[in-house]
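**Student:** The structure's right below; bear with me while I get my questions together.
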Amino acid sequence: MPQAPLYELIINDVVASIRAGTLKPDDKLPSIEEMRGQYQSSAWPVRFALRILEERGWIVTRQGKGSFVAHSPPV
């Protein structure tokens with residue numbers, strides 16, 4: 001069985017943390033550098049996952065500040 005791409009794993013982990021309440025609205029996500037270390041990857045999958053999470057309404061990214069859980073993430 002093929003393994004899911006790393007960016008999908010990151011997306012699933014962030015969404016699961018939001019749904020479980022571990023991450024709450026306005027909480028700051030770890031930096032790209034911290035997530036690179038956590039997932040032992042290059043920056044590309046982390047950035048791609050964050051972009052998809054933002055497009056889907058789970059997070060908001062503020063230039064120079066970081067990524068934060070959206071006020072009203074999807075249900």
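Note on naming: chains are A, B, ... as they come in the structure tokens, residues start from 1 per chain, ligands start from 1 in the order shown.
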Per DSSP on the backbone, what are the alpha helix (DSSP H) residues of segment 1-64 of chain A, as a PDB file with N, CA and C atoms, in the first residue's frame?

**Tutor:**
ATOM      1  N   LEU A   6       4.175  13.354   2.369  1.00  0.00           N
ATOM      2  CA  LEU A   6       4.439  13.981   3.659  1.00  0.00           C
ATOM      3  C   LEU A   6       3.549  15.195   3.896  1.00  0.00           C
ATOM      4  N   TYR A   7       3.301  15.985   2.861  1.00  0.00           N
ATOM      5  CA  TYR A   7       2.474  17.178   3.078  1.00  0.00           C
ATOM      6  C   TYR A   7       1.069  16.795   3.537  1.00  0.00           C
ATOM      7  N   GLU A   8       0.543  15.654   3.078  1.00  0.00           N
ATOM      8  CA  GLU A   8      -0.777  15.199   3.519  1.00  0.00           C
ATOM      9  C   GLU A   8      -0.735  14.779   4.987  1.00  0.00           C
ATOM     10  N   LEU A   9       0.343  14.167   5.408  1.00  0.00           N
ATOM     11  CA  LEU A   9       0.508  13.789   6.813  1.00  0.00           C
ATOM     12  C   LEU A   9       0.514  15.045   7.687  1.00  0.00           C
ATOM     13  N   ILE A  10       1.218  16.077   7.246  1.00  0.00           N
ATOM     14  CA  ILE A  10       1.272  17.335   8.003  1.00  0.00           C
ATOM     15  C   ILE A  10      -0.128  17.941   8.090  1.00  0.00           C
ATOM     16  N   ILE A  11      -0.837  17.987   6.959  1.00  0.00           N
ATOM     17  CA  ILE A  11      -2.198  18.524   6.941  1.00  0.00           C
ATOM     18  C   ILE A  11      -3.070  17.739   7.918  1.00  0.00           C
ATOM     19  N   ASN A  12      -3.029  16.431   7.847  1.00  0.00           N
ATOM     20  CA  ASN A  12      -3.855  15.594   8.718  1.00  0.00           C
ATOM     21  C   ASN A  12      -3.516  15.816  10.191  1.00  0.00           C
ATOM     22  N   ASP A  13      -2.233  15.954  10.509  1.00  0.00           N
ATOM     23  CA  ASP A  13      -1.816  16.181  11.894  1.00  0.00           C
ATOM     24  C   ASP A  13      -2.334  17.515  12.418  1.00  0.00           C
ATOM     25  N   VAL A  14      -2.222  18.575  11.608  1.00  0.00           N
ATOM     26  CA  VAL A  14      -2.686  19.895  12.045  1.00  0.00           C
ATOM     27  C   VAL A  14      -4.199  19.893  12.216  1.00  0.00           C
ATOM     28  N   VAL A  15      -4.923  19.341  11.247  1.00  0.00           N
ATOM     29  CA  VAL A  15      -6.386  19.287  11.338  1.00  0.00           C
ATOM     30  C   VAL A  15      -6.806  18.472  12.565  1.00  0.00           C
ATOM     31  N   ALA A  16      -6.160  17.356  12.810  1.00  0.00           N
ATOM     32  CA  ALA A  16      -6.496  16.527  13.974  1.00  0.00           C
ATOM     33  C   ALA A  16      -6.251  17.291  15.275  1.00  0.00           C
ATOM     34  N   SER A  17      -5.182  18.059  15.342  1.00  0.00           N
ATOM     35  CA  SER A  17      -4.892  18.852  16.550  1.00  0.00           C
ATOM     36  C   SER A  17      -5.935  19.946  16.756  1.00  0.00           C
ATOM     37  N   ILE A  18      -6.403  20.549  15.668  1.00  0.00           N
ATOM     38  CA  ILE A  18      -7.442  21.573  15.781  1.00  0.00           C
ATOM     39  C   ILE A  18      -8.751  20.932  16.230  1.00  0.00           C
ATOM     40  N   ARG A  19      -9.121  19.823  15.614  1.00  0.00           N
ATOM     41  CA  ARG A  19     -10.374  19.140  15.977  1.00  0.00           C
ATOM     42  C   ARG A  19     -10.352  18.641  17.419  1.00  0.00           C
ATOM     43  N   ALA A  20      -9.187  18.194  17.890  1.00  0.00           N
ATOM     44  CA  ALA A  20      -9.068  17.680  19.256  1.00  0.00           C
ATOM     45  C   ALA A  20      -9.004  18.799  20.288  1.00  0.00           C
ATOM     46  N   ILE A  32       8.095  27.062  10.306  1.00  0.00           N
ATOM     47  CA  ILE A  32       8.467  26.120   9.237  1.00  0.00           C
ATOM     48  C   ILE A  32       9.719  25.358   9.647  1.00  0.00           C
ATOM     49  N   GLU A  33      10.663  26.058  10.247  1.00  0.00           N
ATOM     50  CA  GLU A  33      11.909  25.413  10.676  1.00  0.00           C
ATOM     51  C   GLU A  33      11.638  24.350  11.740  1.00  0.00           C
ATOM     52  N   GLU A  34      10.765  24.659  12.694  1.00  0.00           N
ATOM     53  CA  GLU A  34      10.427  23.682  13.734  1.00  0.00           C
ATOM     54  C   GLU A  34       9.709  22.478  13.134  1.00  0.00           C
ATOM     55  N   MET A  35       8.801  22.731  12.196  1.00  0.00           N
ATOM     56  CA  MET A  35       8.078  21.626  11.561  1.00  0.00           C
ATOM     57  C   MET A  35       9.010  20.793  10.689  1.00  0.00           C
ATOM     58  N   ARG A  36       9.989  21.438  10.064  1.00  0.00           N
ATOM     59  CA  ARG A  36      10.984  20.676   9.289  1.00  0.00           C
ATOM     60  C   ARG A  36      11.669  19.662  10.187  1.00  0.00           C
ATOM     61  N   GLY A  37      12.055  20.113  11.374  1.00  0.00           N
ATOM     62  CA  GLY A  37      12.710  19.213  12.322  1.00  0.00           C
ATOM     63  C   GLY A  37      11.786  18.120  12.808  1.00  0.00           C
ATOM     64  N   GLN A  38      10.550  18.484  13.099  1.00  0.00           N
ATOM     65  CA  GLN A  38       9.570  17.523  13.595  1.00  0.00           C
ATOM     66  C   GLN A  38       9.316  16.415  12.572  1.00  0.00           C
ATOM     67  N   TYR A  39       9.215  16.798  11.293  1.00  0.00           N
ATOM     68  CA  TYR A  39       8.904  15.821  10.245  1.00  0.00           C
ATOM     69  C   TYR A  39      10.142  15.353   9.494  1.00  0.00           C
ATOM     70  N   ALA A  43      11.868  22.124   3.610  1.00  0.00           N
ATOM     71  CA  ALA A  43      10.824  23.127   3.848  1.00  0.00           C
ATOM     72  C   ALA A  43       9.658  22.970   2.875  1.00  0.00           C
ATOM     73  N   TRP A  44       9.889  22.404   1.690  1.00  0.00           N
ATOM     74  CA  TRP A  44       8.846  22.340   0.667  1.00  0.00           C
ATOM     75  C   TRP A  44       7.552  21.687   1.146  1.00  0.00           C
ATOM     76  N   PRO A  45       7.573  20.454   1.711  1.00  0.00           N
ATOM     77  CA  PRO A  45       6.302  19.839   2.117  1.00  0.00           C
ATOM     78  C   PRO A  45       5.593  20.632   3.215  1.00  0.00           C
ATOM     79  N   VAL A  46       6.371  21.250   4.095  1.00  0.00           N
ATOM     80  CA  VAL A  46       5.775  22.048   5.171  1.00  0.00           C
ATOM     81  C   VAL A  46       5.066  23.266   4.573  1.00  0.00           C
ATOM     82  N   ARG A  47       5.752  23.985   3.704  1.00  0.00           N
ATOM     83  CA  ARG A  47       5.142  25.170   3.070  1.00  0.00           C
ATOM     84  C   ARG A  47       3.903  24.789   2.262  1.00  0.00           C
ATOM     85  N   PHE A  48       3.988  23.686   1.531  1.00  0.00           N
ATOM     86  CA  PHE A  48       2.868  23.241   0.709  1.00  0.00           C
ATOM     87  C   PHE A  48       1.675  22.891   1.595  1.00  0.00           C
ATOM     88  N   ALA A  49       1.930  22.182   2.700  1.00  0.00           N
ATOM     89  CA  ALA A  49       0.852  21.818   3.626  1.00  0.00           C
ATOM     90  C   ALA A  49       0.213  23.069   4.219  1.00  0.00           C
ATOM     91  N   LEU A  50       1.014  24.045   4.609  1.00  0.00           N
ATOM     92  CA  LEU A  50       0.482  25.276   5.189  1.00  0.00           C
ATOM     93  C   LEU A  50      -0.362  26.037   4.168  1.00  0.00           C
ATOM     94  N   ARG A  51       0.084  26.045   2.926  1.00  0.00           N
ATOM     95  CA  ARG A  51      -0.684  26.725   1.880  1.00  0.00           C
ATOM     96  C   ARG A  51      -2.055  26.063   1.691  1.00  0.00           C
ATOM     97  N   ILE A  52      -2.074  24.735   1.663  1.00  0.00           N
ATOM     98  CA  ILE A  52      -3.342  24.011   1.508  1.00  0.00           C
ATOM     99  C   ILE A  52      -4.241  24.242   2.723  1.00  0.00           C
ATOM    100  N   LEU A  53      -3.669  24.204   3.924  1.00  0.00           N
ATOM    101  CA  LEU A  53      -4.459  24.453   5.132  1.00  0.00           C
ATOM    102  C   LEU A  53      -5.072  25.853   5.100  1.00  0.00           C
ATOM    103  N   GLU A  54      -4.324  26.815   4.589  1.00  0.00           N
ATOM    104  CA  GLU A  54      -4.858  28.173   4.492  1.00  0.00           C
ATOM    105  C   GLU A  54      -5.968  28.237   3.439  1.00  0.00           C
ATOM    106  N   GLU A  55      -5.754  27.611   2.289  1.00  0.00           N
ATOM    107  CA  GLU A  55      -6.779  27.603   1.240  1.00  0.00           C
ATOM    108  C   GLU A  55      -8.072  26.948   1.716  1.00  0.00           C
TER     109      GLU A  55
END

**Student:** Could you find all residues in chain A that DSSP calls strand (DSSP E or B) from the backbone, and write them as a count of residues only?

**Tutor:** 9

**Student:** Tell me, as a count of residues only, which residues lie within 10 Å of Asp26 of chain A, counting only C-alpha atoms; anything in the same chain fewer than 2 positions away does not count.

**Tutor:** 12

**Student:** For a test of reading the model, state the distance in Å between atom CA of Ser31 of chain A and atom CA of Lys65 of chain A, rounded to one decimal.

**Tutor:**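 A separation of 9.5 Å between them.
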
**Student:** So, counting only C-alpha atoms, which residue among A:Pro25, A:Pro74, A:Pro5, A:Pro30 is closest to Arg56 of chain A?

**Tutor:**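 Going through A:Pro25, A:Pro74, A:Pro5, A:Pro30 one by one, the smallest distance to Arg56 of chain A is for A:Pro74.
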